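Next comes query-v3.cif, with mmCIF, C-alpha atoms.
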data_target
loop_
_atom_site.label_atom_id
_atom_site.label_comp_id
_atom_site.auth_asym_id
_atom_site.auth_seq_id
_atom_site.Cartn_x
_atom_site.Cartn_y
_atom_site.Cartn_z
CA MET A 222 -24.32 47.86 -100.01
CA ASP A 223 -25.70 44.69 -98.52
CA CYS A 224 -27.03 44.24 -95.02
CA LYS A 225 -24.59 42.21 -92.93
CA LYS A 226 -27.50 40.48 -91.24
CA CYS A 227 -29.81 39.49 -94.13
CA ARG A 228 -27.34 39.89 -97.03
CA LEU A 229 -29.93 41.91 -99.01
CA PRO A 230 -29.23 45.31 -100.54
CA VAL A 231 -29.74 48.36 -98.37
CA ILE A 232 -31.53 51.17 -100.18
CA THR A 233 -30.75 54.18 -98.07
CA LYS A 234 -33.66 56.22 -99.51
CA ASP A 235 -36.27 53.62 -98.62
CA HIS A 236 -34.90 51.52 -95.72
CA PRO A 237 -33.87 52.78 -92.27
CA TYR A 238 -30.31 51.61 -91.73
CA ILE A 239 -27.36 51.92 -89.35
CA TYR A 240 -23.60 51.47 -89.54
CA CYS A 241 -21.73 49.42 -86.95
CA ASN A 242 -19.26 51.58 -85.01
CA GLY A 243 -17.07 48.55 -84.38
CA LEU A 244 -14.25 47.10 -86.44
CA CYS A 245 -16.51 45.65 -89.12
CA ALA A 246 -18.15 49.05 -89.94
CA ALA A 247 -20.85 47.12 -91.82
CA VAL A 248 -24.31 48.47 -92.69
CA HIS A 249 -27.45 46.86 -91.27
CA HIS A 250 -31.17 47.23 -91.83
CA ALA A 251 -32.65 48.75 -88.70
CA ALA A 252 -35.38 46.13 -88.80
CA CYS A 253 -32.81 43.31 -89.06
CA VAL A 254 -31.08 44.35 -85.84
CA GLY A 255 -34.33 45.25 -84.03
CA LEU A 256 -33.91 49.01 -83.79
CA SER A 257 -37.03 51.16 -83.58
CA ASN A 258 -37.13 54.63 -85.07
CA VAL A 259 -36.58 56.18 -81.63
CA GLU A 260 -33.58 53.95 -80.88
CA LEU A 261 -32.20 54.55 -84.36
CA ALA A 262 -32.38 58.30 -83.86
CA SER A 263 -30.55 58.06 -80.51
CA VAL A 264 -27.50 56.36 -82.02
CA SER A 265 -27.37 58.28 -85.27
CA PRO A 266 -25.52 61.56 -85.96
CA PRO A 267 -25.25 64.17 -84.57
CA ASN A 268 -25.35 62.10 -81.29
CA LYS A 269 -21.58 61.65 -81.26
CA ASN A 270 -21.34 60.17 -77.76
CA ASN A 271 -23.71 57.28 -78.56
CA MET A 272 -22.48 54.20 -80.36
CA TRP A 273 -24.03 51.08 -81.78
CA LEU A 274 -22.18 47.77 -82.23
CA CYS A 275 -23.32 44.64 -83.98
CA ASP A 276 -23.42 41.39 -82.01
CA GLU A 277 -20.04 40.20 -83.30
CA CYS A 278 -18.27 43.47 -82.52
CA VAL A 279 -19.81 43.56 -79.06
CA VAL A 280 -18.30 40.15 -78.29
CA GLU A 281 -14.90 41.24 -79.59
CA PHE A 282 -15.05 44.50 -77.60
CA VAL A 283 -15.91 42.72 -74.32
CA GLN A 284 -13.08 40.22 -74.85
CA TRP A 285 -10.56 43.02 -75.59
CA ARG A 286 -11.62 45.01 -72.53
CA THR A 287 -11.26 41.93 -70.27
CA GLU A 288 -7.76 41.13 -71.54
CA ARG A 289 -6.68 44.77 -71.18
CA SER A 290 -7.94 44.90 -67.60
CA GLU A 291 -6.05 41.73 -66.64
CA ASN A 292 -2.82 43.00 -68.24
CA LYS A 293 -3.14 46.28 -66.36
CA LYS A 294 -3.54 44.47 -63.02
CA CYS A 295 -0.42 42.37 -63.72
CA SER A 296 1.66 45.44 -64.59
CA ILE A 297 0.55 47.18 -61.37
CA ALA A 298 1.47 44.13 -59.26
CA GLU A 299 4.91 43.93 -60.87
CA SER A 300 5.60 47.62 -60.28
CA VAL A 301 4.63 47.30 -56.60
CA SER A 302 6.86 44.25 -56.03
CA GLU A 303 9.93 45.96 -57.48
CA PRO A 304 12.02 48.35 -55.34
CA LYS A 305 11.23 52.00 -55.72
CA CYS A 306 14.64 52.62 -57.28
CA PRO A 307 18.08 50.96 -57.58
CA LEU A 308 19.49 53.42 -55.03
CA GLN A 309 17.10 52.18 -52.35
CA ARG A 310 18.15 48.57 -52.98
CA ASP A 311 21.83 49.55 -52.63
CA VAL A 312 21.08 51.38 -49.38
CA GLU A 313 19.34 48.31 -47.92
CA GLU A 314 22.29 46.07 -48.83
CA LEU A 315 24.71 48.55 -47.26
CA LYS A 316 22.66 48.64 -44.06
CA ASN A 317 22.78 44.84 -43.79
CA LYS A 318 26.57 44.83 -44.23
CA VAL A 319 27.02 47.55 -41.61
CA GLU A 320 24.84 45.64 -39.15
CA SER A 321 26.90 42.46 -39.69
CA MET A 322 30.11 44.38 -39.04
CA ARG A 323 28.62 45.93 -35.90
CA LEU A 324 27.73 42.51 -34.49
CA VAL A 325 31.26 41.23 -35.13
CA LEU A 326 32.80 44.25 -33.41
CA ALA A 327 30.40 43.97 -30.48
CA SER A 328 31.44 40.36 -29.89
CA HIS A 329 35.06 41.52 -29.32
CA GLU A 330 34.22 44.68 -27.43
CA ALA A 331 34.29 43.03 -24.01
CA PHE A 332 38.04 42.50 -24.08
CA ASN A 333 39.25 45.35 -26.29
CA VAL A 334 41.84 47.46 -24.48
CA ASP A 335 41.00 51.14 -24.46
CA ALA A 336 44.07 53.35 -24.02
CA GLY A 337 42.00 55.93 -22.17
CA ILE A 338 40.84 53.49 -19.46
CA ARG A 339 42.98 52.57 -16.47
CA HIS A 340 42.54 48.96 -15.42
CA SER A 341 44.46 45.88 -14.37
CA THR A 342 43.17 43.25 -16.79
CA PRO A 343 45.93 41.24 -18.53
CA ASN A 344 45.59 40.87 -22.28
CA ALA A 345 43.98 37.71 -23.63
CA PRO A 346 46.79 35.48 -24.99
CA ASN A 347 46.99 35.02 -28.73
CA SER A 348 49.62 34.58 -31.41
CA SER A 349 49.93 38.28 -32.29
CA ARG A 350 50.36 39.43 -28.66
CA GLN A 351 52.10 36.44 -27.12
CA THR A 352 55.19 38.41 -26.08
CA ASN A 353 53.16 41.13 -24.36
CA SER A 354 50.98 38.55 -22.62
CA ASN A 355 54.00 36.67 -21.38
CA SER A 356 55.54 39.88 -20.04
CA ARG A 357 52.29 40.91 -18.34
CA SER A 358 51.78 37.49 -16.75
CA ARG A 359 55.39 37.49 -15.54
CA GLU A 360 54.94 41.01 -14.13
CA ILE A 361 51.80 40.07 -12.21
CA SER A 362 53.45 36.97 -10.82
CA ASP A 363 56.43 39.04 -9.62
CA VAL A 364 54.47 41.82 -7.92
CA LEU A 365 51.89 39.56 -6.27
CA PRO A 366 53.69 36.53 -4.85
CA ASP A 367 51.45 34.58 -2.49
CA ALA A 368 50.20 31.07 -1.80
CA SER A 369 47.99 30.83 -4.91
CA ASP A 370 50.74 29.40 -7.11
CA ARG A 371 51.58 26.77 -4.51
CA LEU A 372 47.89 25.92 -4.15
CA THR A 373 47.50 25.63 -7.90
CA ASP A 374 50.57 23.44 -8.22
CA SER A 375 49.25 21.21 -5.47
CA MET A 376 46.24 20.40 -7.60
CA ARG A 377 46.63 18.19 -10.63
CA GLU A 378 46.63 20.10 -13.92
CA ASP A 379 43.48 18.36 -15.13
CA GLU A 380 41.56 19.23 -11.95
CA SER A 381 42.05 23.02 -11.80
CA PHE A 382 40.48 25.77 -13.86
CA ASP A 383 41.57 29.42 -13.88
CA LEU A 384 38.96 32.10 -14.50
CA LEU A 385 39.39 35.84 -15.07
CA LEU A 386 36.64 38.10 -13.71
CA THR A 387 36.89 41.76 -14.73
CA ASN A 388 34.99 45.05 -15.04
CA ILE A 389 34.68 45.09 -11.24
CA ASP A 390 34.66 48.19 -9.05
CA GLY A 391 37.94 49.01 -7.29
CA SER A 392 36.31 48.86 -3.86
CA VAL A 393 35.50 45.12 -4.20
CA THR A 394 37.71 42.80 -2.12
CA GLU A 395 38.87 39.26 -2.68
CA ASP A 396 36.46 38.07 0.02
CA ASP A 397 33.57 39.75 -1.84
CA ILE A 398 34.52 37.94 -5.02
CA GLN A 399 34.85 34.60 -3.22
CA ARG A 400 31.37 34.93 -1.74
CA MET A 401 29.96 35.94 -5.12
CA VAL A 402 31.59 32.96 -6.84
CA PHE A 403 30.23 30.53 -4.22
CA ARG A 404 26.76 31.99 -4.62
CA SER A 405 26.80 32.15 -8.44
CA LEU A 406 28.14 28.61 -8.94
CA GLY A 407 26.19 27.06 -6.08
CA ALA A 408 29.41 25.75 -4.56
CA HIS A 409 30.05 24.96 -0.88
CA ASP A 410 32.42 26.78 1.45
CA ASN A 411 34.62 23.70 1.81
CA GLU A 412 35.26 23.46 -1.94
CA PHE A 413 38.58 24.75 -3.27
CA ILE A 414 38.14 28.24 -4.67
CA HIS A 415 41.01 30.71 -4.47
CA VAL A 416 40.72 34.38 -5.45
CA ARG A 417 43.56 36.82 -6.19
CA LYS A 418 43.24 40.51 -7.04
CA LEU A 419 45.30 41.36 -10.12
CA VAL A 420 46.49 44.74 -8.89
CA PRO A 421 49.98 45.53 -7.55
CA ARG A 422 49.97 46.32 -3.85
CA TRP A 423 51.30 49.83 -4.34
CA VAL A 424 48.51 50.83 -6.79
CA ASP A 425 45.51 52.71 -5.42
CA CYS A 426 42.44 50.86 -6.75
CA SER A 427 40.33 54.02 -6.49
CA THR A 428 42.35 55.50 -9.38
CA LEU A 429 41.39 52.64 -11.71
CA ASP A 430 38.21 52.50 -13.78
CA TYR A 431 37.87 48.82 -12.95
CA ILE A 432 39.93 45.94 -11.58
CA SER A 433 40.24 42.21 -12.28
CA PHE A 434 40.48 39.01 -10.28
CA LYS A 435 41.94 35.60 -11.01
CA VAL A 436 39.83 32.75 -9.62
CA VAL A 437 41.19 29.20 -9.31
CA LEU A 438 38.48 26.57 -8.95
CA ASN A 439 37.79 22.92 -9.64
CA ARG A 440 37.47 22.03 -13.32
CA LYS A 441 33.99 20.60 -12.73
CA TRP A 442 32.73 24.19 -12.55
CA LYS A 443 34.15 25.19 -15.94
CA SER A 444 30.96 24.64 -17.97
CA SER A 445 28.92 26.73 -15.53
CA ALA A 446 31.59 29.40 -15.18
CA MET A 447 31.68 30.01 -18.94
CA LEU A 448 27.97 30.90 -19.10
CA SER A 449 27.01 34.58 -19.06
CA THR A 450 23.87 33.78 -17.07
CA THR A 451 26.01 32.55 -14.16
CA TRP A 452 27.50 35.93 -13.25
CA PRO A 453 25.91 39.18 -12.10
CA GLN A 454 25.19 41.86 -14.66
CA ASN A 455 28.21 43.83 -15.97
CA VAL A 456 30.73 41.21 -14.75
CA LYS A 457 32.89 40.12 -17.70
CA PHE A 458 34.78 36.84 -17.75
CA ARG A 459 37.05 34.58 -19.75
CA GLU A 460 39.33 31.64 -19.13
CA PHE A 461 42.65 32.68 -17.61
CA ARG A 462 45.47 30.81 -19.28
CA LYS A 463 48.87 31.34 -17.73
CA ILE A 464 51.68 31.18 -20.26
CA ARG A 465 55.07 30.49 -18.79
CA CYS A 466 58.01 32.09 -20.57
CA THR A 467 61.43 30.79 -19.47
CA TRP A 468 64.84 32.16 -20.26
CA ARG A 469 67.89 30.35 -21.51
CA PRO A 470 71.20 31.59 -22.84
CA GLU A 471 71.45 31.87 -26.59
CA LEU A 472 73.63 29.39 -28.36
CA VAL A 473 77.00 30.89 -29.28
#
Here is the file; what I need is its structure written in the form of structure tokens.
Amino acid sequence: MDCKKCRLPVITKDHPYIYCNGLCAAVHHAACVGLSNVELASVSPPNKNNMWLCDECVVEFVQWRTERSENKKCSIAESVSEPKCPLQRDVEELKNKVESMRLVLASHEAFNVDAGIRHSTPNAPNSSRQTNSNSRSREISDVLPDASDRLTDSMREDESFDLLLTNIDGSVTEDDIQRMVFRSLGAHDNEFIHVRKLVPRWVDCSTLDYISFKVVLNRKWKSSAMLSTTWPQNVKFREFRKIRCTWRPELV
């Protein structure tokens, strides 16, 4: 056996020597690597927990330990960034979908008709309920004839704006609504604003959960009237569009 350091033979009977515990496992003269007899005894059997590495193996060991430590840090960071499990990711996606559906439903809640609530609000006109809306508008016009239609007709079509105010207590009068509209819009008493309660005269308002009013005002107030910040809390509103449905005999 030759010494890895000096390349000379190692005579184990005459020369103190030591084996590298690294990958090279080469033999070295103790004098060549600078080990005293005390140091040599501390790293020699039976001291199993002590090791000695040559300079080259020490460099390789430090480099391997550094790379292993960096790889371990990267694997920990990747495991933290990933979801705990696929089920949790699915639950989060489902929550987001449910929240989106809730927001859509909430946007239509203001004018949804609840069969268990008694009220006087006419349905909002649309293509699927046009017949019902026409019938309801015709019914209201028949049971509440007054000067409002004549006043509306006296104004040009492009100057008037009809507004529906609802979710109002049954004890509120038309005069109360008129004063509230003047105050909310900042209008003057001499400006044209007409209010009509949308409840048949023979119906007791105290039996209804809420009542509604039709307000006819100048079109210049439309932009302000369609803002939620204009009206007191809990008052709901929308544009009131009157759909006229005429009759004619069918062609024979």
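In this structure, CA of Asn439 in chain A sits 6.7 Å away from CA of Phe413 in chain A.
Applied to the file shown here, the PyMOL selection byres ((chain A and resi 415) around 8) selects Ser369, Gln399, Phe413, Ile414, Val416, Arg417, Val436, Val437 and Leu438 of chain A.
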If we count all atoms listed in the file, what is near Cys275 in chain A at a cut-off of 10 Å, once residues fewer than 5 positions away on the same chain are taken out, given as a list in words?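 Residues meeting the cut-off are Lys225, Lys226, Ile239, Tyr240, Cys241, Asn242, Gly243, Leu244, Cys245, Ala246, Ala247, Val248, His249, Val254 and Val280 of chain A.
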One-decimal distance in Å that lies between CA of Val424 in chain A and CA of Val393 in chain A: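 Between CA of Val393 in chain A and CA of Val424 in chain A the gap is 14.4 Å.
If you count only C-alpha atoms and ignore residues fewer than 5 places along the chain from Asp410 in chain A, what sits within 10 Å of it is Gln399, Arg400, Phe403 and Arg404 of chain A.
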Residues of the last selection are to be written out with C-alpha atoms, as a PDB file, in the frame of the given file.
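Now in part30.pdb:
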ATOM      1  CA  GLN A 399      34.850  34.600  -3.220  1.00  0.00           C
ATOM      2  CA  ARG A 400      31.370  34.930  -1.740  1.00  0.00           C
ATOM      3  CA  PHE A 403      30.230  30.530  -4.220  1.00  0.00           C
ATOM      4  CA  ARG A 404      26.760  31.990  -4.620  1.00  0.00           C
TER       5      ARG A 404
END
Using the atoms already present, construct N, CA, C and O atoms for range 301-327 of chain A and hand them back as a PDB file, keeping the file's coordinate frame.
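Below you can see rebuild20.pdb, which holds the result:
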ATOM      1  N   VAL A 301       4.651  47.218 -58.055  1.00  0.00           N
ATOM      2  CA  VAL A 301       4.630  47.300 -56.600  1.00  0.00           C
ATOM      3  C   VAL A 301       5.699  46.399 -55.991  1.00  0.00           C
ATOM      4  O   VAL A 301       6.346  46.729 -55.006  1.00  0.00           O
ATOM      5  N   SER A 302       5.904  45.204 -56.576  1.00  0.00           N
ATOM      6  CA  SER A 302       6.860  44.250 -56.030  1.00  0.00           C
ATOM      7  C   SER A 302       8.302  44.695 -56.226  1.00  0.00           C
ATOM      8  O   SER A 302       9.178  44.313 -55.472  1.00  0.00           O
ATOM      9  N   GLU A 303       8.567  45.522 -57.232  1.00  0.00           N
ATOM     10  CA  GLU A 303       9.930  45.960 -57.480  1.00  0.00           C
ATOM     11  C   GLU A 303      10.306  47.079 -56.510  1.00  0.00           C
ATOM     12  O   GLU A 303       9.449  47.817 -56.037  1.00  0.00           O
ATOM     13  N   PRO A 304      11.581  47.231 -56.179  1.00  0.00           N
ATOM     14  CA  PRO A 304      12.020  48.350 -55.340  1.00  0.00           C
ATOM     15  C   PRO A 304      11.692  49.681 -56.007  1.00  0.00           C
ATOM     16  O   PRO A 304      11.555  49.766 -57.218  1.00  0.00           O
ATOM     17  N   LYS A 305      11.571  50.690 -55.190  1.00  0.00           N
ATOM     18  CA  LYS A 305      11.230  52.000 -55.720  1.00  0.00           C
ATOM     19  C   LYS A 305      12.298  52.489 -56.698  1.00  0.00           C
ATOM     20  O   LYS A 305      11.987  53.111 -57.698  1.00  0.00           O
ATOM     21  N   CYS A 306      13.575  52.214 -56.388  1.00  0.00           N
ATOM     22  CA  CYS A 306      14.640  52.620 -57.280  1.00  0.00           C
ATOM     23  C   CYS A 306      15.890  51.816 -56.939  1.00  0.00           C
ATOM     24  O   CYS A 306      16.000  51.280 -55.843  1.00  0.00           O
ATOM     25  N   PRO A 307      16.839  51.703 -57.876  1.00  0.00           N
ATOM     26  CA  PRO A 307      18.080  50.960 -57.580  1.00  0.00           C
ATOM     27  C   PRO A 307      18.844  51.507 -56.386  1.00  0.00           C
ATOM     28  O   PRO A 307      19.482  50.755 -55.657  1.00  0.00           O
ATOM     29  N   LEU A 308      18.776  52.815 -56.156  1.00  0.00           N
ATOM     30  CA  LEU A 308      19.490  53.420 -55.030  1.00  0.00           C
ATOM     31  C   LEU A 308      18.971  52.882 -53.702  1.00  0.00           C
ATOM     32  O   LEU A 308      19.748  52.604 -52.783  1.00  0.00           O
ATOM     33  N   GLN A 309      17.661  52.706 -53.598  1.00  0.00           N
ATOM     34  CA  GLN A 309      17.100  52.180 -52.350  1.00  0.00           C
ATOM     35  C   GLN A 309      17.571  50.758 -52.092  1.00  0.00           C
ATOM     36  O   GLN A 309      17.874  50.392 -50.948  1.00  0.00           O
ATOM     37  N   ARG A 310      17.663  49.931 -53.144  1.00  0.00           N
ATOM     38  CA  ARG A 310      18.150  48.570 -52.980  1.00  0.00           C
ATOM     39  C   ARG A 310      19.603  48.562 -52.508  1.00  0.00           C
ATOM     40  O   ARG A 310      19.985  47.790 -51.623  1.00  0.00           O
ATOM     41  N   ASP A 311      20.426  49.467 -53.061  1.00  0.00           N
ATOM     42  CA  ASP A 311      21.830  49.550 -52.630  1.00  0.00           C
ATOM     43  C   ASP A 311      21.939  49.988 -51.177  1.00  0.00           C
ATOM     44  O   ASP A 311      22.797  49.497 -50.426  1.00  0.00           O
ATOM     45  N   VAL A 312      21.061  50.914 -50.769  1.00  0.00           N
ATOM     46  CA  VAL A 312      21.080  51.380 -49.380  1.00  0.00           C
ATOM     47  C   VAL A 312      20.729  50.253 -48.425  1.00  0.00           C
ATOM     48  O   VAL A 312      21.351  50.087 -47.360  1.00  0.00           O
ATOM     49  N   GLU A 313      19.738  49.429 -48.775  1.00  0.00           N
ATOM     50  CA  GLU A 313      19.340  48.310 -47.920  1.00  0.00           C
ATOM     51  C   GLU A 313      20.484  47.303 -47.791  1.00  0.00           C
ATOM     52  O   GLU A 313      20.749  46.782 -46.700  1.00  0.00           O
ATOM     53  N   GLU A 314      21.164  47.009 -48.887  1.00  0.00           N
ATOM     54  CA  GLU A 314      22.290  46.070 -48.830  1.00  0.00           C
ATOM     55  C   GLU A 314      23.414  46.628 -47.964  1.00  0.00           C
ATOM     56  O   GLU A 314      24.042  45.893 -47.189  1.00  0.00           O
ATOM     57  N   LEU A 315      23.664  47.931 -48.074  1.00  0.00           N
ATOM     58  CA  LEU A 315      24.710  48.550 -47.260  1.00  0.00           C
ATOM     59  C   LEU A 315      24.352  48.511 -45.782  1.00  0.00           C
ATOM     60  O   LEU A 315      25.214  48.253 -44.930  1.00  0.00           O
ATOM     61  N   LYS A 316      23.090  48.717 -45.454  1.00  0.00           N
ATOM     62  CA  LYS A 316      22.660  48.640 -44.060  1.00  0.00           C
ATOM     63  C   LYS A 316      22.889  47.244 -43.489  1.00  0.00           C
ATOM     64  O   LYS A 316      23.325  47.094 -42.348  1.00  0.00           O
ATOM     65  N   ASN A 317      22.576  46.214 -44.265  1.00  0.00           N
ATOM     66  CA  ASN A 317      22.780  44.840 -43.790  1.00  0.00           C
ATOM     67  C   ASN A 317      24.261  44.557 -43.550  1.00  0.00           C
ATOM     68  O   ASN A 317      24.620  43.898 -42.562  1.00  0.00           O
ATOM     69  N   LYS A 318      25.138  45.053 -44.433  1.00  0.00           N
ATOM     70  CA  LYS A 318      26.570  44.830 -44.230  1.00  0.00           C
ATOM     71  C   LYS A 318      27.070  45.556 -42.981  1.00  0.00           C
ATOM     72  O   LYS A 318      27.870  45.011 -42.212  1.00  0.00           O
ATOM     73  N   VAL A 319      26.604  46.786 -42.787  1.00  0.00           N
ATOM     74  CA  VAL A 319      27.020  47.550 -41.610  1.00  0.00           C
ATOM     75  C   VAL A 319      26.567  46.863 -40.336  1.00  0.00           C
ATOM     76  O   VAL A 319      27.301  46.784 -39.342  1.00  0.00           O
ATOM     77  N   GLU A 320      25.340  46.327 -40.333  1.00  0.00           N
ATOM     78  CA  GLU A 320      24.840  45.640 -39.150  1.00  0.00           C
ATOM     79  C   GLU A 320      25.656  44.390 -38.850  1.00  0.00           C
ATOM     80  O   GLU A 320      25.946  44.084 -37.689  1.00  0.00           O
ATOM     81  N   SER A 321      26.063  43.641 -39.898  1.00  0.00           N
ATOM     82  CA  SER A 321      26.900  42.460 -39.690  1.00  0.00           C
ATOM     83  C   SER A 321      28.249  42.843 -39.096  1.00  0.00           C
ATOM     84  O   SER A 321      28.747  42.186 -38.176  1.00  0.00           O
ATOM     85  N   MET A 322      28.832  43.931 -39.581  1.00  0.00           N
ATOM     86  CA  MET A 322      30.110  44.380 -39.040  1.00  0.00           C
ATOM     87  C   MET A 322      29.956  44.833 -37.583  1.00  0.00           C
ATOM     88  O   MET A 322      30.835  44.581 -36.754  1.00  0.00           O
ATOM     89  N   ARG A 323      28.836  45.469 -37.277  1.00  0.00           N
ATOM     90  CA  ARG A 323      28.620  45.930 -35.900  1.00  0.00           C
ATOM     91  C   ARG A 323      28.526  44.765 -34.939  1.00  0.00           C
ATOM     92  O   ARG A 323      29.058  44.812 -33.826  1.00  0.00           O
ATOM     93  N   LEU A 324      27.860  43.685 -35.350  1.00  0.00           N
ATOM     94  CA  LEU A 324      27.730  42.510 -34.490  1.00  0.00           C
ATOM     95  C   LEU A 324      29.090  41.864 -34.246  1.00  0.00           C
ATOM     96  O   LEU A 324      29.378  41.396 -33.139  1.00  0.00           O
ATOM     97  N   VAL A 325      29.929  41.814 -35.292  1.00  0.00           N
ATOM     98  CA  VAL A 325      31.260  41.230 -35.130  1.00  0.00           C
ATOM     99  C   VAL A 325      32.099  42.056 -34.165  1.00  0.00           C
ATOM    100  O   VAL A 325      32.785  41.528 -33.277  1.00  0.00           O
ATOM    101  N   LEU A 326      32.043  43.378 -34.307  1.00  0.00           N
ATOM    102  CA  LEU A 326      32.800  44.250 -33.410  1.00  0.00           C
ATOM    103  C   LEU A 326      32.293  44.170 -31.983  1.00  0.00           C
ATOM    104  O   LEU A 326      33.075  44.205 -31.031  1.00  0.00           O
ATOM    105  N   ALA A 327      30.969  44.041 -31.827  1.00  0.00           N
ATOM    106  CA  ALA A 327      30.400  43.970 -30.480  1.00  0.00           C
ATOM    107  C   ALA A 327      30.834  42.705 -29.761  1.00  0.00           C
ATOM    108  O   ALA A 327      30.991  42.689 -28.542  1.00  0.00           O
TER     109      ALA A 327
END
